Every structure is written in C-alpha cells, then in structure tokens.
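What follows is the content of coords-v4.cif (mmCIF, C-alpha atoms and all ligand atoms).
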```cif
data_protein
loop_
_atom_site.label_atom_id
_atom_site.label_comp_id
_atom_site.auth_asym_id
_atom_site.auth_seq_id
_atom_site.Cartn_x
_atom_site.Cartn_y
_atom_site.Cartn_z
CA MET A 1 -15.82 -25.61 -0.30
CA PRO A 2 -16.47 -21.85 -0.05
CA ASP A 3 -14.80 -19.70 -2.71
CA PHE A 4 -12.53 -18.01 -0.18
CA PRO A 5 -12.32 -20.35 2.80
CA LEU A 6 -9.71 -18.42 4.75
CA SER A 7 -10.55 -14.81 3.95
CA GLN A 8 -14.32 -14.93 3.93
CA ARG A 9 -16.10 -13.21 6.77
CA GLN A 10 -18.00 -15.47 9.16
CA SER A 11 -20.13 -12.76 10.74
CA LYS A 12 -20.61 -9.00 10.72
CA THR A 13 -18.11 -8.58 13.51
CA ASP A 14 -15.50 -10.95 12.08
CA ARG A 15 -12.54 -8.69 11.29
CA THR A 16 -8.80 -9.19 11.23
CA PHE A 17 -6.64 -6.48 12.72
CA VAL A 18 -3.09 -6.60 11.42
CA ARG A 19 -0.63 -5.39 13.99
CA VAL A 20 2.28 -3.18 12.91
CA GLY A 21 4.09 -1.82 15.97
CA ASN A 22 1.40 -0.08 18.01
CA LEU A 23 -0.98 0.17 15.07
CA GLU A 24 -3.79 -2.21 14.28
CA LEU A 25 -4.60 -2.03 10.59
CA GLY A 26 -8.30 -2.62 10.06
CA ARG A 27 -9.33 -0.93 13.32
CA ASP A 28 -8.82 2.80 12.91
CA PHE A 29 -8.03 4.61 9.67
CA ILE A 30 -4.37 4.65 8.68
CA VAL A 31 -2.36 6.71 6.23
CA ILE A 32 0.74 5.32 4.55
CA ALA A 33 2.79 7.88 2.65
CA GLY A 34 6.22 8.34 1.17
CA PRO A 35 8.05 8.53 -2.11
CA CYS A 36 7.43 6.10 -4.94
CA ALA A 37 11.13 5.29 -4.89
CA VAL A 38 13.82 5.95 -2.31
CA GLU A 39 16.17 8.27 -4.23
CA SER A 40 18.45 9.69 -1.54
CA TYR A 41 18.78 10.09 2.20
CA GLU A 42 17.73 13.76 2.02
CA GLN A 43 14.63 13.08 -0.07
CA THR A 44 13.49 10.18 2.13
CA PHE A 45 14.27 12.02 5.37
CA ALA A 46 12.17 15.00 4.22
CA CYS A 47 9.25 12.67 3.40
CA ALA A 48 9.52 10.86 6.75
CA GLU A 49 9.54 14.18 8.58
CA GLN A 50 6.44 15.32 6.70
CA VAL A 51 4.57 12.04 7.25
CA SER A 52 5.30 12.16 10.96
CA ARG A 53 4.54 15.87 11.35
CA MET A 54 1.18 15.54 9.58
CA GLY A 55 0.06 12.54 11.61
CA GLY A 56 0.65 9.83 8.98
CA HIS A 57 1.30 6.33 10.28
CA LEU A 58 3.71 4.41 8.06
CA LEU A 59 6.47 5.45 5.66
CA ARG A 60 6.43 3.82 2.23
CA GLY A 61 9.23 3.81 -0.33
CA GLY A 62 10.48 1.44 -2.99
CA ALA A 63 14.06 0.24 -2.97
CA TYR A 64 13.36 -2.45 -5.56
CA LYS A 65 11.15 -1.02 -8.28
CA PRO A 66 9.23 -3.25 -10.69
CA ARG A 67 9.50 -0.82 -13.63
CA THR A 68 7.63 -1.60 -16.82
CA ASN A 69 10.51 -0.16 -18.86
CA PRO A 70 13.88 -1.80 -18.07
CA TYR A 71 15.68 1.49 -18.80
CA SER A 72 13.75 3.36 -16.06
CA PHE A 73 15.28 3.89 -12.60
CA GLN A 74 15.25 0.49 -10.91
CA GLY A 75 15.68 1.62 -7.29
CA LEU A 76 18.67 1.85 -4.96
CA GLY A 77 18.41 -1.77 -3.78
CA PRO A 78 19.99 -2.59 -0.37
CA GLU A 79 21.11 1.00 0.15
CA GLY A 80 17.52 2.13 -0.44
CA VAL A 81 16.20 -0.26 2.21
CA ASP A 82 18.79 1.03 4.64
CA ILE A 83 17.93 4.69 3.98
CA LEU A 84 14.19 4.03 4.25
CA VAL A 85 14.46 2.20 7.54
CA ARG A 86 16.85 4.77 9.08
CA CYS A 87 14.62 7.71 8.11
CA ALA A 88 11.50 5.96 9.40
CA ARG A 89 13.03 5.01 12.72
CA GLN A 90 14.25 8.55 13.32
CA HIS A 91 10.62 9.63 13.06
CA HIS A 92 9.17 6.64 14.94
CA LEU A 93 7.38 5.34 11.86
CA GLY A 94 6.94 1.80 10.61
CA VAL A 95 8.04 0.94 7.08
CA VAL A 96 6.30 -0.46 3.99
CA SER A 97 8.39 -1.56 1.02
CA GLU A 98 7.98 -3.78 -2.01
CA VAL A 99 9.55 -7.19 -2.21
CA MET A 100 9.96 -8.89 -5.59
CA ASP A 101 12.00 -12.00 -4.91
CA ASP A 102 13.81 -14.15 -2.37
CA GLU A 103 16.96 -12.10 -2.45
CA ASN A 104 15.03 -8.87 -1.68
CA LEU A 105 13.23 -10.73 1.06
CA ARG A 106 16.45 -11.78 2.75
CA GLN A 107 17.53 -8.13 2.78
CA MET A 108 14.22 -6.83 4.06
CA GLN A 109 12.75 -9.33 6.44
CA ASP A 110 14.64 -8.21 9.53
CA THR A 111 13.94 -4.51 9.16
CA VAL A 112 10.91 -3.82 6.97
CA ASP A 113 7.62 -3.97 8.90
CA VAL A 114 5.17 -4.47 6.03
CA LEU A 115 6.18 -6.35 2.88
CA GLN A 116 4.39 -5.07 -0.20
CA VAL A 117 3.52 -7.35 -3.10
CA GLY A 118 3.13 -5.08 -6.11
CA ALA A 119 0.40 -5.29 -8.73
CA ARG A 120 2.82 -6.90 -11.18
CA ASN A 121 3.54 -9.72 -8.74
CA MET A 122 0.05 -10.40 -7.46
CA GLN A 123 0.09 -13.78 -9.15
CA ASN A 124 3.71 -14.63 -8.43
CA PHE A 125 2.58 -17.72 -6.59
CA SER A 126 6.00 -18.81 -5.38
CA LEU A 127 6.51 -15.35 -3.81
CA LEU A 128 3.05 -15.51 -2.22
CA LYS A 129 3.76 -18.97 -0.78
CA ARG A 130 7.11 -17.80 0.54
CA LEU A 131 5.48 -14.79 2.27
CA GLY A 132 2.84 -17.12 3.64
CA LYS A 133 5.52 -18.91 5.63
CA LEU A 134 6.41 -15.70 7.48
CA ARG A 135 4.48 -13.72 10.06
CA HIS A 136 5.18 -10.33 8.53
CA PRO A 137 2.20 -8.24 7.47
CA VAL A 138 1.84 -8.44 3.68
CA LEU A 139 0.27 -5.58 1.73
CA LEU A 140 -1.19 -7.31 -1.32
CA LYS A 141 -1.90 -5.02 -4.23
CA ARG A 142 -4.56 -5.95 -6.75
CA GLY A 143 -3.06 -6.89 -10.12
CA LEU A 144 -3.33 -4.53 -13.09
CA ALA A 145 -5.92 -6.73 -14.74
CA ALA A 146 -6.99 -8.98 -11.90
CA THR A 147 -10.61 -9.72 -11.09
CA VAL A 148 -11.70 -9.43 -7.48
CA ASP A 149 -11.75 -13.24 -7.26
CA GLU A 150 -8.17 -13.50 -8.53
CA TRP A 151 -7.11 -10.87 -5.97
CA LEU A 152 -8.73 -12.78 -3.12
CA TRP A 153 -7.29 -16.08 -4.30
CA ALA A 154 -3.87 -14.44 -4.21
CA ALA A 155 -4.62 -13.52 -0.58
CA GLU A 156 -5.67 -17.14 0.05
CA TYR A 157 -2.24 -18.30 -1.17
CA ILE A 158 -0.62 -16.35 1.68
CA LEU A 159 -3.21 -17.30 4.29
CA LYS A 160 -3.09 -20.97 3.32
CA GLU A 161 0.60 -21.17 4.22
CA GLY A 162 -0.21 -19.89 7.70
CA ASN A 163 0.39 -16.13 7.60
CA PRO A 164 -2.84 -14.41 8.75
CA ASN A 165 -1.47 -10.88 8.34
CA VAL A 166 -2.75 -9.89 4.92
CA ILE A 167 -3.81 -6.34 3.99
CA LEU A 168 -5.64 -5.95 0.67
CA CYS A 169 -4.85 -2.88 -1.44
CA GLU A 170 -6.96 -1.68 -4.38
CA ARG A 171 -4.75 0.38 -6.72
CA GLY A 172 -6.85 0.70 -9.84
CA ILE A 173 -7.24 -1.64 -12.77
CA ARG A 174 -6.60 -1.25 -16.44
CA THR A 175 -9.68 -0.36 -18.48
CA PHE A 176 -10.32 1.35 -21.83
CA GLU A 177 -10.15 4.70 -20.02
CA SER A 178 -6.84 6.33 -20.87
CA ARG A 179 -6.92 9.80 -19.25
CA MET A 180 -6.37 8.17 -15.90
CA ARG A 181 -3.44 5.84 -15.36
CA ASN A 182 -5.87 3.20 -14.10
CA THR A 183 -9.52 3.05 -13.07
CA LEU A 184 -10.10 3.03 -9.33
CA ASP A 185 -12.56 0.25 -8.54
CA LEU A 186 -14.26 1.42 -5.36
CA ALA A 187 -16.96 -1.22 -5.74
CA ALA A 188 -14.22 -3.81 -5.24
CA VAL A 189 -13.32 -2.13 -1.95
CA VAL A 190 -16.91 -2.33 -0.75
CA TRP A 191 -17.15 -5.92 -2.00
CA ALA A 192 -13.96 -7.00 -0.23
CA LYS A 193 -14.97 -5.22 2.97
CA GLN A 194 -18.41 -6.87 2.97
CA ARG A 195 -17.22 -10.37 2.22
CA THR A 196 -13.82 -10.71 3.85
CA HIS A 197 -12.48 -10.07 7.34
CA LEU A 198 -9.24 -8.59 6.01
CA PRO A 199 -8.26 -4.91 6.18
CA VAL A 200 -8.68 -3.17 2.82
CA ILE A 201 -6.80 -0.02 1.88
CA VAL A 202 -6.71 2.08 -1.30
CA ASP A 203 -3.81 3.55 -3.27
CA PRO A 204 -5.30 6.53 -5.13
CA SER A 205 -1.87 7.54 -6.47
CA HIS A 206 -1.35 4.58 -8.80
CA ALA A 207 -5.10 4.41 -9.41
CA THR A 208 -5.18 7.86 -11.01
CA GLY A 209 -1.64 8.85 -11.96
CA HIS A 210 -2.52 12.54 -11.37
CA ARG A 211 -1.65 14.36 -8.15
CA ASP A 212 -4.77 16.54 -8.36
CA LEU A 213 -7.04 13.49 -8.29
CA VAL A 214 -5.42 11.82 -5.30
CA THR A 215 -7.10 13.74 -2.48
CA PRO A 216 -10.70 13.51 -3.79
CA LEU A 217 -10.29 9.77 -4.36
CA ALA A 218 -8.65 9.23 -0.98
CA LEU A 219 -11.70 10.86 0.60
CA ALA A 220 -14.03 8.76 -1.58
CA SER A 221 -12.14 5.64 -0.45
CA ALA A 222 -12.79 6.51 3.17
CA VAL A 223 -16.49 6.96 2.38
CA ALA A 224 -16.52 3.58 0.59
CA GLY A 225 -15.27 1.95 3.77
CA ALA A 226 -11.53 1.59 3.22
CA ASP A 227 -9.41 1.08 6.31
CA GLY A 228 -6.74 3.45 5.07
CA VAL A 229 -4.96 4.94 2.11
CA MET A 230 -1.45 4.79 0.72
CA VAL A 231 -0.23 7.86 -1.19
CA GLU A 232 2.98 8.95 -2.86
CA ILE A 233 4.59 12.23 -1.82
CA HIS A 234 7.82 13.97 -2.83
CA PRO A 235 9.63 17.12 -1.61
CA THR A 236 9.93 18.30 -5.23
CA PRO A 237 7.54 16.14 -7.30
CA LEU A 238 8.76 17.36 -10.66
CA ASP A 239 12.21 15.93 -9.90
CA ALA A 240 10.89 12.50 -8.87
CA LEU A 241 12.71 9.63 -10.58
CA CYS A 242 9.55 7.57 -10.58
CA ASP A 243 5.84 8.46 -10.88
CA ALA A 244 6.44 12.24 -10.83
CA ALA A 245 2.95 13.14 -12.07
CA GLN A 246 1.16 11.47 -9.18
CA ALA A 247 3.33 12.54 -6.24
CA LEU A 248 1.61 14.93 -3.86
CA THR A 249 3.50 18.04 -2.81
CA PHE A 250 3.97 18.34 0.96
CA GLU A 251 1.33 21.06 0.95
CA GLN A 252 -1.16 18.79 -0.82
CA PHE A 253 -0.38 16.00 1.64
CA SER A 254 -1.01 18.25 4.60
CA GLU A 255 -4.32 19.33 3.01
CA LEU A 256 -5.25 15.65 2.52
CA MET A 257 -4.56 14.89 6.18
CA LYS A 258 -6.66 17.85 7.25
CA LYS A 259 -9.59 16.84 5.05
CA LEU A 260 -9.44 13.19 6.15
CA THR A 261 -9.34 14.20 9.80
CA GLU A 262 -12.45 16.33 9.26
CA LEU A 263 -14.28 13.66 7.28
CA LEU A 264 -13.65 10.53 9.32
CA PRO A 265 -15.82 11.42 12.37
CA HIS A 266 -18.79 11.88 10.00
CA LEU A 267 -18.27 8.27 8.93
CA GLY A 268 -18.10 7.03 12.50
CA LYS A 269 -14.37 6.44 12.15
CA SER A 270 -11.25 8.00 13.52
CA MET A 271 -7.66 8.39 12.47
CA ALA A 272 -5.42 5.81 14.16
C1 LIG B 1 4.25 1.09 -5.81
O1 LIG B 1 3.47 1.11 -4.86
O2 LIG B 1 5.31 1.71 -5.81
C2 LIG B 1 3.91 0.33 -7.04
C3 LIG B 1 4.84 -0.02 -7.92
O3 LIG B 1 2.61 0.10 -7.15
P1 LIG B 1 1.82 -0.96 -8.09
O4 LIG B 1 2.42 -2.28 -7.82
O5 LIG B 1 0.41 -0.81 -7.57
O6 LIG B 1 1.97 -0.49 -9.50
MN MN B 2 4.86 4.54 -7.72
#
```

Would you kindly transcribe this structure into structure tokens?
Amino acid sequence: MPDFPLSQRQSKTDRTFVRVGNLELGRDFIVIAGPCAVESYEQTFACAEQVSRMGGHLLRGGAYKPRTNPYSFQGLGPEGVDILVRCARQHHLGVVSEVMDDENLRQMQDTVDVLQVGARNMQNFSLLKRLGKLRHPVLLKRGLAATVDEWLWAAEYILKEGNPNVILCERGIRTFESRMRNTLDLAAVVWAKQRTHLPVIVDPSHATGHRDLVTPLALASAVAGADGVMVEIHPTPLDALCDAAQALTFEQFSELMKKLTELLPHLGKSMA
C-alpha cells in the first residue's frame, strides 16, 4: 500500500480544489485573516471590515482557544462563534474557526464554513474521524512537533472517513531555535505540494510569533508554492488577549495584501 493512499498525487495535474462559498481553495491564492481570538463584537467587526476592504477572502477567529496555560483567556465560546459569523456575513466573508471537541462541533457545524484543527489537536484521532464523517472543509494544522508523515497521516484519517475537503496548513514546528516562536518549514510546503493533491496554506503568524516577520514569510510561502496564507490581525495589537506580538496592524495587513498582489503574477498565480 502507498504511504498516503488517499492524499498522494496521481499525476502532475491531480489537484483537489476545496470549495468554500464561491472560492476554490487550491486554485487561486487565498488570504485568510482575522484576530487570534474573538474578543468583542467591535474588535471582530473592525477586522472583518479590514479583511473585506483589502481583498482578503475568509475571516478567521477563535472562539474556543486551545491555550497552553489554563489561566490564559480561553475564548468567548458560543458567543464568540455568533459574533464571528455575524461580522463575516455582514462583509460577505466565509468563516474559519477552530473546533476542539464534539460540543464545539455541534455549535459550529451549521454556521462555520471551515473547521480548523489546531496544531495541538492534529493527532486527536477521534476528532479527525468525526470531522471525516462531515463534508465541511477542514483546515488541518501541522502539529507542533509532527513530522510531515504524521501530518499527512492525520489528513488520511479525515479522508478515510469520506470527507475529501482537507486543507493542509504549515504553521511552524518546534526546534532548538528560540528567537522565533516556531521554525517555519517551507520545505514541508514544497514537499506536500509535490506529493499530494491537497491545497496547502501557510500560517506565518504562529510560525514566527513576531509581527515584523509575518509579511516576508507570507511572501516566501507564496514563492514556495503555497495556495494561500492565514495571518492574525488586530485593530490594536498591543491590547490583544491572545498572541499580541504576532498580530499585524491594519496598516501592515494592507501592505501585505499590496505586496502579495504585486508578487503573485510573477509566480504565474493570481489572487482569488
Ligand atoms: C490559531 O490558529 O489560533 C492557533 C491556535 O494556531 P495553532 O494551532 O497553529 O497553534
Ligand atoms: Mn493565535
């Protein structure tokens, strides 16, 4: 049996496009942006407005946060999902949000367009099997210390249950390097693009942990062949309740969109 029977690419043209509303992830380049955590209606509305105004495609935001420290802000829960979806719809954006368990899933499956499996849950096999029984697009983040094979086997868990709509997301891995929050593994992006038919996106926010590194690495991700990027933004990053150091200001986000739009045609790609 091949290592990755369901995700491996059969030919050069074998590619899966994951449909989210009018978008086809894996075809043209997409930008997902939004706050790390939904904190309030005003904060999320401002982010949605900025994403839409700058030509971003999907609004992200965590309502259930898998925080390493149990005393950190855990997210607004059901109210957060409601705020995120309302703000996105008002700006005609689809929604990406993290699901951690069955109870979250029940609250999210009717309204959230893309269900995110966070790095800390990449090997939560019962969650993966459960998501495999749905048709929702699943954004599968690479685990903090997962090899590329382990990441792809996690994708196989979802595919094997019958859900073909898997989007891979490289978000940096833990190495001995400590200046950066994680080490962005762009070789893994190239590897996954060459060997699988699945869309592959990059999250340079969690990969670096520093807002000033996000734009250069988002551009590098596009050059490496990623199908899109997911970045964290905040109207006032220093006040962010979660991941303040990596949130782009609105000005930085607009600069990122401008640079990506200029770069993509040189790579034979276009913004969705
Ligand atoms: C997130 O996207 O908000 C998140 C928690 O990311 P990760 O699972 O990659 O740490
Ligand atoms: Mn975050």

(message) Report, in Å with one decimal, the straight-line distance from CA of Ala244 in chain A to CA of Val112 in chain A.
(response) 24.4 Å

(message) When you count all atoms listed in the file, which of these residues is closest to Ala222 in chain A: A:Leu248, A:Leu267, A:Leu241, A:Ser11?
(response) A:Leu267

(message) Nearest residue to Gln252 in chain A out of A:Leu213, A:Val229, A:Ile32, A:Ala119, using all atoms listed in the file?
(response) A:Leu213

(request) Tell me which protein, DNA and RNA residues are within 7 Å of Ala272 in chain A, counting only C-alpha atoms, leaving out same-chain ones fewer than 3 positions away, and put them as an MDAnalysis selection string. (result) chainID A and resid 28:30

(request) Can you work out which one of A:Asp102, A:Arg179, A:Val51, A:Asp185 has the shortest atom-to-atom distance to Glu251 in chain A, counting only C-alpha atoms? (result) A:Val51

(request) Please provide as a PyMOL selection string all residues within 10 Å of Pro235 in chain A, with the sequence filter that same-chain residues fewer than 3 positions apart are discarded (counting all atoms listed in the file). (result) chain A and resi 34-35+42-47+50+238-240+247-251

Selection file, C-alpha atoms, as a compact mmCIF listing (two decimals), in the coordinates of the input:
```txt
# COMPACT_ATOMS: atom_id res chain seq x y z
CA GLY A 34 6.22 8.34 1.17
CA PRO A 35 8.05 8.53 -2.11
CA GLU A 42 17.73 13.76 2.02
CA GLN A 43 14.63 13.08 -0.07
CA THR A 44 13.49 10.18 2.13
CA PHE A 45 14.27 12.02 5.37
CA ALA A 46 12.17 15.00 4.22
CA CYS A 47 9.25 12.67 3.40
CA GLN A 50 6.44 15.32 6.70
CA LEU A 238 8.76 17.36 -10.66
CA ASP A 239 12.21 15.93 -9.90
CA ALA A 240 10.89 12.50 -8.87
CA ALA A 247 3.33 12.54 -6.24
CA LEU A 248 1.61 14.93 -3.86
CA THR A 249 3.50 18.04 -2.81
CA PHE A 250 3.97 18.34 0.96
CA GLU A 251 1.33 21.06 0.95
```

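Between CA of His206 in chain A and atom O5 of ligand LIG 1 (chain B) the interatomic distance comes to 5.8 Å.
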
Please return the centre and edge lengths, in Å to one decimal, of a box with edges along x, y and z that contains all listed atoms of ligand LIG 1 (chain B), widened by 8 Å on every side, as JSON.
```
{"center_x": 2.9, "center_y": -0.3, "center_z": -7.2, "size_x": 20.9, "size_y": 20.0, "size_z": 20.6}
```

Show me which residues are within 10 Å of ligand LIG 1 (chain B) counting only C-alpha atoms and all ligand atoms, and format the list as a PDB file with C-alpha atoms, in the frame of the given file.
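Below you can see part31.pdb, which holds the result:
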```pdb
ATOM      1  CA  GLY A  34       6.220   8.340   1.170  1.00  0.00           C
ATOM      2  CA  PRO A  35       8.050   8.530  -2.110  1.00  0.00           C
ATOM      3  CA  CYS A  36       7.430   6.100  -4.940  1.00  0.00           C
ATOM      4  CA  ALA A  37      11.130   5.290  -4.890  1.00  0.00           C
ATOM      5  CA  ARG A  60       6.430   3.820   2.230  1.00  0.00           C
ATOM      6  CA  GLY A  61       9.230   3.810  -0.330  1.00  0.00           C
ATOM      7  CA  GLY A  62      10.480   1.440  -2.990  1.00  0.00           C
ATOM      8  CA  ALA A  63      14.060   0.240  -2.970  1.00  0.00           C
ATOM      9  CA  TYR A  64      13.360  -2.450  -5.560  1.00  0.00           C
ATOM     10  CA  LYS A  65      11.150  -1.020  -8.280  1.00  0.00           C
ATOM     11  CA  PRO A  66       9.230  -3.250 -10.690  1.00  0.00           C
ATOM     12  CA  ARG A  67       9.500  -0.820 -13.630  1.00  0.00           C
ATOM     13  CA  THR A  68       7.630  -1.600 -16.820  1.00  0.00           C
ATOM     14  CA  VAL A  96       6.300  -0.460   3.990  1.00  0.00           C
ATOM     15  CA  SER A  97       8.390  -1.560   1.020  1.00  0.00           C
ATOM     16  CA  GLU A  98       7.980  -3.780  -2.010  1.00  0.00           C
ATOM     17  CA  GLN A 116       4.390  -5.070  -0.200  1.00  0.00           C
ATOM     18  CA  VAL A 117       3.520  -7.350  -3.100  1.00  0.00           C
ATOM     19  CA  GLY A 118       3.130  -5.080  -6.110  1.00  0.00           C
ATOM     20  CA  ALA A 119       0.400  -5.290  -8.730  1.00  0.00           C
ATOM     21  CA  ARG A 120       2.820  -6.900 -11.180  1.00  0.00           C
ATOM     22  CA  ASN A 121       3.540  -9.720  -8.740  1.00  0.00           C
ATOM     23  CA  MET A 122       0.050 -10.400  -7.460  1.00  0.00           C
ATOM     24  CA  LEU A 139       0.270  -5.580   1.730  1.00  0.00           C
ATOM     25  CA  LEU A 140      -1.190  -7.310  -1.320  1.00  0.00           C
ATOM     26  CA  LYS A 141      -1.900  -5.020  -4.230  1.00  0.00           C
ATOM     27  CA  ARG A 142      -4.560  -5.950  -6.750  1.00  0.00           C
ATOM     28  CA  GLY A 143      -3.060  -6.890 -10.120  1.00  0.00           C
ATOM     29  CA  LEU A 144      -3.330  -4.530 -13.090  1.00  0.00           C
ATOM     30  CA  CYS A 169      -4.850  -2.880  -1.440  1.00  0.00           C
ATOM     31  CA  GLU A 170      -6.960  -1.680  -4.380  1.00  0.00           C
ATOM     32  CA  ARG A 171      -4.750   0.380  -6.720  1.00  0.00           C
ATOM     33  CA  GLY A 172      -6.850   0.700  -9.840  1.00  0.00           C
ATOM     34  CA  ILE A 173      -7.240  -1.640 -12.770  1.00  0.00           C
ATOM     35  CA  ASN A 182      -5.870   3.200 -14.100  1.00  0.00           C
ATOM     36  CA  VAL A 202      -6.710   2.080  -1.300  1.00  0.00           C
ATOM     37  CA  ASP A 203      -3.810   3.550  -3.270  1.00  0.00           C
ATOM     38  CA  PRO A 204      -5.300   6.530  -5.130  1.00  0.00           C
ATOM     39  CA  SER A 205      -1.870   7.540  -6.470  1.00  0.00           C
ATOM     40  CA  HIS A 206      -1.350   4.580  -8.800  1.00  0.00           C
ATOM     41  CA  ALA A 207      -5.100   4.410  -9.410  1.00  0.00           C
ATOM     42  CA  MET A 230      -1.450   4.790   0.720  1.00  0.00           C
ATOM     43  CA  VAL A 231      -0.230   7.860  -1.190  1.00  0.00           C
ATOM     44  CA  GLU A 232       2.980   8.950  -2.860  1.00  0.00           C
ATOM     45  CA  CYS A 242       9.550   7.570 -10.580  1.00  0.00           C
ATOM     46  CA  ASP A 243       5.840   8.460 -10.880  1.00  0.00           C
TER      47      ASP A 243
END
```

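Going from CA of Ile158 in chain A to CA of Leu59 in chain A covers 23.3 Å.
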
(request) Mind listing whatever residues come within 12 Å of the point (-8.8, -16.4, -4.4)? Use all atoms listed in the file, file coordinates, and give them as a list in words. (result) Pro2, Asp3, Phe4, Pro5, Leu6, Ser7, Gln8, Met122, Gln123, Phe125, Arg142, Ala146, Thr147, Val148, Asp149, Glu150, Trp151, Leu152, Trp153, Ala154, Ala155, Glu156, Tyr157, Ile158, Leu159, Lys160, Ala192 and Thr196 of chain A

(message) So that I can see what lies close to Leu131 in chain A, please list as an NGL selection string the residues with an atom at most 8 Å from it, counting only C-alpha atoms and leaving out residues fewer than 4 positions away in the same chain.
(response) :A and (127 or 135-136 or 138 or 158 or 163)

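Checking A:Cys87, A:Leu23, A:Ala33, A:Val190 one by one against ligand MN 2 (chain B), counting all atoms listed in the file, you find the shortest gap at A:Ala33.
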
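Considering the residues A:Gln246, A:Asn124, A:Ser270, A:Asn69 and counting only C-alpha atoms and all ligand atoms, ligand MN 2 (chain B) has its shortest atom-to-atom contact with A:Gln246.
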